[in-house]
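Containing PDB, C-alpha atoms: input04.pdb.
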```pdb
ATOM      1  CA  MET A   1       4.248  -7.646 -27.780
ATOM      2  CA  SER A   2       5.547 -11.189 -28.094
ATOM      3  CA  ALA A   3       7.291 -10.689 -31.446
ATOM      4  CA  ASN A   4      10.737 -10.043 -29.918
ATOM      5  CA  MET A   5      10.516 -12.467 -26.988
ATOM      6  CA  ASN A   6      12.373 -15.769 -26.821
ATOM      7  CA  PHE A   7       9.825 -18.288 -25.564
ATOM      8  CA  SER A   8      12.078 -21.236 -26.330
ATOM      9  CA  ALA A   9      14.244 -20.436 -23.302
ATOM     10  CA  GLY A  10      14.821 -23.706 -21.501
ATOM     11  CA  THR A  11      17.148 -22.622 -18.698
ATOM     12  CA  LYS A  12      17.033 -20.164 -15.835
ATOM     13  CA  GLU A  13      19.948 -18.279 -17.360
ATOM     14  CA  ALA A  14      18.136 -17.865 -20.678
ATOM     15  CA  ILE A  15      15.017 -16.669 -18.868
ATOM     16  CA  ASN A  16      17.079 -14.176 -16.837
ATOM     17  CA  GLU A  17      18.699 -12.839 -20.018
ATOM     18  CA  GLU A  18      15.275 -12.321 -21.550
ATOM     19  CA  LEU A  19      13.885 -10.714 -18.382
ATOM     20  CA  ALA A  20      16.818  -8.291 -18.192
ATOM     21  CA  ARG A  21      15.719  -6.563 -21.370
ATOM     22  CA  LEU A  22      11.972  -6.429 -20.709
ATOM     23  CA  SER A  23       9.751  -3.916 -18.915
ATOM     24  CA  ASP A  24       7.841  -5.100 -15.840
ATOM     25  CA  PHE A  25       4.574  -5.585 -17.713
ATOM     26  CA  SER A  26       6.360  -7.542 -20.434
ATOM     27  CA  LYS A  27       8.132  -9.618 -17.768
ATOM     28  CA  LEU A  28       4.755 -10.644 -16.342
ATOM     29  CA  TYR A  29       3.468 -11.628 -19.773
ATOM     30  CA  TYR A  30       6.684 -13.489 -20.620
ATOM     31  CA  LEU A  31       6.787 -15.455 -17.355
ATOM     32  CA  GLU A  32       3.095 -16.379 -17.554
ATOM     33  CA  ARG A  33       3.576 -17.657 -21.083
ATOM     34  CA  ILE A  34       6.666 -19.686 -20.123
ATOM     35  CA  ILE A  35       4.687 -21.252 -17.258
ATOM     36  CA  HIS A  36       1.914 -22.313 -19.626
ATOM     37  CA  GLU A  37       4.212 -23.602 -22.374
ATOM     38  CA  LYS A  38       6.922 -25.453 -20.443
ATOM     39  CA  LYS A  39       6.595 -28.868 -18.829
ATOM     40  CA  ASP A  40       9.684 -28.682 -16.592
ATOM     41  CA  LEU A  41       8.500 -28.328 -12.975
ATOM     42  CA  ALA A  42      11.718 -26.686 -11.775
ATOM     43  CA  LEU A  43      11.436 -24.069 -14.508
ATOM     44  CA  LYS A  44       7.790 -23.427 -13.644
ATOM     45  CA  LYS A  45       8.664 -22.979  -9.967
ATOM     46  CA  TYR A  46      11.423 -20.587 -10.950
ATOM     47  CA  CYS A  47       9.023 -18.536 -13.082
ATOM     48  CA  HIS A  48       6.417 -18.431 -10.315
ATOM     49  CA  ASN A  49       9.125 -17.259  -7.926
ATOM     50  CA  LYS A  50      10.141 -14.497 -10.355
ATOM     51  CA  LEU A  51       6.493 -13.482 -10.734
ATOM     52  CA  ALA A  52       6.088 -13.331  -6.962
ATOM     53  CA  ILE A  53       9.138 -11.080  -6.695
ATOM     54  CA  ILE A  54       7.853  -8.709  -9.385
ATOM     55  CA  TYR A  55       4.409  -8.515  -7.776
ATOM     56  CA  LEU A  56       5.994  -7.975  -4.353
ATOM     57  CA  GLU A  57       8.104  -5.101  -5.704
ATOM     58  CA  LYS A  58       4.910  -3.530  -7.061
ATOM     59  CA  GLY A  59       3.111  -3.909  -3.721
ATOM     60  CA  MET A  60       0.657  -6.446  -5.129
ATOM     61  CA  TYR A  61       0.800  -8.809  -2.165
ATOM     62  CA  SER A  62      -2.193 -10.987  -3.037
ATOM     63  CA  LYS A  63      -0.841 -11.672  -6.551
ATOM     64  CA  ALA A  64       2.581 -12.465  -5.076
ATOM     65  CA  ALA A  65       0.901 -14.786  -2.560
ATOM     66  CA  GLU A  66      -0.942 -16.598  -5.375
ATOM     67  CA  ASN A  67       2.369 -17.428  -7.031
ATOM     68  CA  VAL A  68       3.919 -18.572  -3.764
ATOM     69  CA  GLU A  69       0.866 -20.787  -3.225
ATOM     70  CA  VAL A  70       1.541 -22.472  -6.569
ATOM     71  CA  ILE A  71       5.166 -23.011  -5.516
ATOM     72  CA  ALA A  72       3.874 -24.656  -2.318
ATOM     73  CA  ARG A  73       1.607 -26.951  -4.339
ATOM     74  CA  MET A  74       4.560 -27.983  -6.491
ATOM     75  CA  ALA A  75       6.766 -28.660  -3.463
ATOM     76  CA  ILE A  76       8.004 -32.202  -3.125
ATOM     77  CA  SER A  77       9.036 -32.312   0.541
ATOM     78  CA  TYR A  78       6.959 -31.259   3.521
ATOM     79  CA  ASP A  79       9.674 -28.853   4.659
ATOM     80  CA  GLU A  80       9.674 -27.136   1.268
ATOM     81  CA  LYS A  81       5.874 -26.965   1.317
ATOM     82  CA  ILE A  82       5.811 -25.528   4.858
ATOM     83  CA  LYS A  83       8.460 -22.941   3.976
ATOM     84  CA  ALA A  84       6.505 -21.818   0.897
ATOM     85  CA  LEU A  85       3.225 -21.643   2.828
ATOM     86  CA  MET A  86       4.873 -19.573   5.581
ATOM     87  CA  ASN A  87       6.139 -17.189   2.897
ATOM     88  CA  GLU A  88       2.602 -16.988   1.552
ATOM     89  CA  ILE A  89       1.368 -16.150   5.053
ATOM     90  CA  LYS A  90       3.906 -13.304   5.299
ATOM     91  CA  LEU A  91       2.669 -11.860   2.025
ATOM     92  CA  LEU A  92      -0.980 -12.171   3.032
ATOM     93  CA  VAL A  93      -0.357 -10.501   6.391
ATOM     94  CA  HIS A  94       1.508  -7.704   4.658
ATOM     95  CA  GLY A  95      -1.457  -7.359   2.298
ATOM     96  CA  ALA A  96      -3.884  -7.322   5.289
ATOM     97  CA  ASP A  97      -5.643 -10.562   4.293
ATOM     98  CA  TYR A  98      -5.627 -11.930   7.845
ATOM     99  CA  GLN A  99      -8.437 -14.445   7.395
ATOM    100  CA  LYS A 100      -6.708 -16.178   4.509
ATOM    101  CA  ALA A 101      -3.373 -16.075   6.391
ATOM    102  CA  GLU A 102      -5.000 -17.800   9.367
ATOM    103  CA  ALA A 103      -6.653 -20.375   7.096
ATOM    104  CA  ILE A 104      -3.270 -21.196   5.589
ATOM    105  CA  LEU A 105      -1.787 -21.387   9.097
ATOM    106  CA  GLU A 106      -4.301 -24.141   9.870
ATOM    107  CA  LYS A 107      -3.285 -25.909   6.656
ATOM    108  CA  VAL A 108       0.408 -25.686   7.610
ATOM    109  CA  ILE A 109      -0.301 -26.964  11.114
ATOM    110  CA  SER A 110      -2.265 -29.897   9.698
ATOM    111  CA  ILE A 111       0.696 -31.109   7.615
ATOM    112  CA  ALA A 112       3.407 -30.418  10.202
ATOM    113  CA  ASN A 113       4.588 -32.890  12.817
ATOM    114  CA  PRO A 114       3.592 -32.174  16.448
ATOM    115  CA  LEU A 115       6.949 -30.615  17.351
ATOM    116  CA  ARG A 116       6.881 -28.217  14.412
ATOM    117  CA  ARG A 117       3.308 -27.103  15.137
ATOM    118  CA  ILE A 118       4.304 -25.076  18.191
ATOM    119  CA  GLU A 119       7.227 -23.580  16.292
ATOM    120  CA  ILE A 120       4.973 -22.669  13.348
ATOM    121  CA  ARG A 121       2.364 -21.023  15.567
ATOM    122  CA  LYS A 122       5.102 -18.951  17.272
ATOM    123  CA  GLU A 123       6.458 -17.954  13.861
ATOM    124  CA  PHE A 124       2.956 -16.898  12.805
ATOM    125  CA  ILE A 125       2.508 -14.735  15.911
ATOM    126  CA  ARG A 126       5.978 -13.249  15.294
ATOM    127  CA  ILE A 127       4.913 -12.325  11.730
ATOM    128  CA  TYR A 128       1.788 -10.664  13.137
ATOM    129  CA  LYS A 129       3.779  -8.757  15.773
ATOM    130  CA  GLU A 130       6.344  -7.503  13.273
ATOM    131  CA  ARG A 131       3.630  -6.278  10.931
ATOM    132  CA  ALA A 132       1.720  -4.588  13.764
ATOM    133  CA  GLU A 133       4.888  -2.826  14.915
ATOM    134  CA  ASP A 134       5.600  -1.667  11.346
ATOM    135  CA  LEU A 135       2.076  -0.279  11.096
ATOM    136  CA  GLU A 136       2.426   1.501  14.436
ATOM    137  CA  ARG A 137       5.691   3.103  13.273
ATOM    138  CA  ASP A 138       3.858   4.282  10.151
ATOM    139  CA  MET A 139       1.135   5.750  12.400
ATOM    140  CA  LYS A 140      -1.465   3.306  11.080
ATOM    141  CA  ARG A 141      -2.886   2.561  14.489
ATOM    142  CA  GLY A 142      -6.240   1.264  13.286
ATOM    143  CA  SER A 143      -4.551  -1.375  11.152
ATOM    144  CA  SER A 144      -2.166  -2.423  13.915
ATOM    145  CA  LEU A 145      -5.144  -2.618  16.268
ATOM    146  CA  GLN A 146      -6.730  -5.285  14.029
ATOM    147  CA  ILE A 147      -3.598  -7.416  14.244
ATOM    148  CA  TYR A 148      -3.280  -7.111  18.018
ATOM    149  CA  GLU A 149      -6.931  -8.151  18.356
ATOM    150  CA  ARG A 150      -6.108 -11.295  16.363
ATOM    151  CA  ILE A 151      -3.021 -11.976  18.486
ATOM    152  CA  LEU A 152      -5.247 -11.682  21.556
ATOM    153  CA  LYS A 153      -7.348 -14.569  20.186
ATOM    154  CA  LEU A 154      -4.552 -16.757  18.772
ATOM    155  CA  GLY A 155      -1.508 -16.236  20.979
ATOM    156  CA  ASP A 156      -0.314 -17.997  24.084
ATOM    157  CA  GLU A 157      -0.528 -16.380  27.544
ATOM    158  CA  ILE A 158       2.559 -14.181  27.078
ATOM    159  CA  ASP A 159       1.460 -13.054  23.620
ATOM    160  CA  ARG A 160      -2.038 -12.290  24.865
ATOM    161  CA  ARG A 161      -0.649 -10.205  27.727
ATOM    162  CA  GLU A 162       1.549  -8.202  25.334
ATOM    163  CA  ALA A 163      -1.335  -7.776  22.877
ATOM    164  CA  ARG A 164      -3.623  -6.639  25.700
ATOM    165  CA  GLU A 165      -1.139  -3.932  26.739
ATOM    166  CA  LYS A 166      -0.762  -2.741  23.170
ATOM    167  CA  LEU A 167      -4.530  -2.788  22.647
ATOM    168  CA  LEU A 168      -5.164  -0.715  25.768
ATOM    169  CA  ALA A 169      -2.705   1.924  24.551
ATOM    170  CA  LEU A 170      -4.171   1.887  21.038
ATOM    171  CA  TYR A 171      -7.785   2.038  22.219
ATOM    172  CA  GLN A 172      -6.896   5.020  24.377
ATOM    173  CA  ALA A 173      -4.964   6.745  21.566
ATOM    174  CA  LEU A 174      -7.830   6.188  19.127
ATOM    175  CA  GLY A 175     -10.500   7.284  21.594
ATOM    176  CA  LYS A 176     -12.210   3.899  21.715
ATOM    177  CA  ILE A 177     -13.286   4.245  25.324
ATOM    178  CA  GLN A 178     -15.862   1.425  25.343
ATOM    179  CA  GLU A 179     -13.338  -1.070  23.989
ATOM    180  CA  TYR A 180     -10.717   0.238  26.398
ATOM    181  CA  ASN A 181     -13.032  -0.204  29.416
ATOM    182  CA  ARG A 182     -14.199  -3.627  28.228
ATOM    183  CA  LEU A 183     -10.596  -4.866  27.887
ATOM    184  CA  ARG A 184      -9.602  -3.362  31.213
ATOM    185  CA  GLY A 185     -12.523  -5.114  32.810
ATOM    186  CA  VAL A 186     -14.283  -1.969  33.989
TER     187      VAL A 186
END
```

So, in terms of structure tokens, how does the structure I just supplied come out?
Amino acid sequence: MSANMNFSAGTKEAINEELARLSDFSKLYYLERIIHEKKDLALKKYCHNKLAIIYLEKGMYSKAAENVEVIARMAISYDEKIKALMNEIKLLVHGADYQKAEAILEKVISIANPLRRIEIRKEFIRIYKERAEDLERDMKRGSSLQIYERILKLGDEIDRREAREKLLALYQALGKIQEYNRLRGV
């Protein structure tokens, strides 16, 4: 497999040229090998980013998130690290790994300054809401229900009220009468 590949590529342009002629599986192999052979941090970050994009296109959200996590670890500034971790959260939420997404949220909040913490939490709830709405549009009510239940626990008063309304409608639509009555307070 590696007989025709140029592993001496030292620039992003050279890597892109090589990637343009490879199949997806070969791209993964090529990028992984470049990451292990090269010392240049910027080049490694670039390769991890390319890997994340390929995995994302294939619907492999956890593998994409792993590569974004490595980018976050390589980040020099806190803003860059926070941005990468928030991207990882988006991928994890899309891949339905809510526990890990929430664990990373706590990590992001711990490194952010007090003013950014509120902003980050709102962004996290927005990511949850968008994903829940996408799932509802796709008629995946059970999956969206899980997200709204998490918003009910994590959100502020307005978010909890919205999540409660959505949950009542979903419980009723799914025939979950006990949960519906419990949430309504009956």

Which residues are close to Arg131 (chain A), i.e. within 12 Å by only C-alpha atoms, leaving aside same-chain residues fewer than 6 positions away? Reply as an mmCIF file with C-alpha atoms, in the frame of the given file.
```cif
data_model
loop_
_atom_site.group_PDB
_atom_site.id
_atom_site.type_symbol
_atom_site.label_atom_id
_atom_site.label_comp_id
_atom_site.auth_asym_id
_atom_site.auth_seq_id
_atom_site.Cartn_x
_atom_site.Cartn_y
_atom_site.Cartn_z
ATOM 1 C CA ILE A 89 1.368 -16.150 5.053
ATOM 2 C CA LYS A 90 3.906 -13.304 5.299
ATOM 3 C CA LEU A 91 2.669 -11.860 2.025
ATOM 4 C CA LEU A 92 -0.980 -12.171 3.032
ATOM 5 C CA VAL A 93 -0.357 -10.501 6.391
ATOM 6 C CA HIS A 94 1.508 -7.704 4.658
ATOM 7 C CA GLY A 95 -1.457 -7.359 2.298
ATOM 8 C CA ALA A 96 -3.884 -7.322 5.289
ATOM 9 C CA TYR A 98 -5.627 -11.930 7.845
ATOM 10 C CA PHE A 124 2.956 -16.898 12.805
ATOM 11 C CA ILE A 125 2.508 -14.735 15.911
ATOM 12 C CA ARG A 137 5.691 3.103 13.273
ATOM 13 C CA ASP A 138 3.858 4.282 10.151
ATOM 14 C CA LYS A 140 -1.465 3.306 11.080
ATOM 15 C CA ARG A 141 -2.886 2.561 14.489
ATOM 16 C CA SER A 143 -4.551 -1.375 11.152
ATOM 17 C CA SER A 144 -2.166 -2.423 13.915
ATOM 18 C CA LEU A 145 -5.144 -2.618 16.268
ATOM 19 C CA GLN A 146 -6.730 -5.285 14.029
ATOM 20 C CA ILE A 147 -3.598 -7.416 14.244
ATOM 21 C CA TYR A 148 -3.280 -7.111 18.018
ATOM 22 C CA ILE A 151 -3.021 -11.976 18.486
#
```

Protein, DNA and RNA residues within 8 Å of (-10.3, -1.9, 19.1), all atoms listed in the file, as number ranges by chain: A: 142, 145-146, 149, 167, 170-171, 176, 179-180

Counting all atoms listed in the file, the residue of A:Arg150, A:Lys44, A:Lys83, A:Arg161 that sits nearest Gln99 (chain A):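 Checking each of A:Arg150, A:Lys44, A:Lys83, A:Arg161 against Gln99 (chain A), counting all atoms listed in the file, the winner is A:Arg150.
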
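Distance check against Ala64 (chain A) using all atoms listed in the file: of A:Ile120, A:Leu105, A:Leu19, A:Leu28, the minimum falls on A:Leu28.
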
Ile71 (chain A) surroundings by only C-alpha atoms, 8 Å radius, close-in-sequence under 5 positions cut, as a list in words: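 Everything that qualifies: Lys45, His48, Asn49, Lys81 and Ala84 of chain A.
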
Please enclose the listed atoms of region 150-168 of chain A in an axis-aligned box, pad each side by 5 Å, and write out the centre and the three edge lengths in Å, rounded to one decimal, as JSON.
```
{"center_x": -2.4, "center_y": -9.4, "center_z": 22.0, "size_x": 19.9, "size_y": 27.3, "size_z": 21.4}
```

Near-Ile104 (chain A) list (9 Å; all atoms listed in the file; drop same-chain fewer than 4 positions) as a PyMOL selection string: chain A and resi 85-86+88-89+99-100+108-109

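Straight-line separation from CA of Glu133 (chain A) to CA of Ile118 (chain A): 22.5 Å.
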
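CA of Leu41 (chain A) is found 23.5 Å from CA of Leu22 (chain A).
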
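Nearest to Met139 (chain A) of all the residues A:Ala173, A:Leu168, A:Ala20, A:Ile111 is A:Ala173, counting all atoms listed in the file.
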
A:Asn16, A:Ser77, A:Asn181, A:Asn67 ranked by distance to Ala52 (chain A), top pick (using all atoms listed in the file):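 Smallest separation from Ala52 (chain A) among the options: A:Asn67.
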
Residue nearest Ile35 (chain A) - candidates A:Gly175, A:Gly155, A:Lys50, A:Glu17, atoms counted: only C-alpha atoms: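 When distances to Ile35 (chain A) are compared using only C-alpha atoms, the smallest one comes from A:Lys50.
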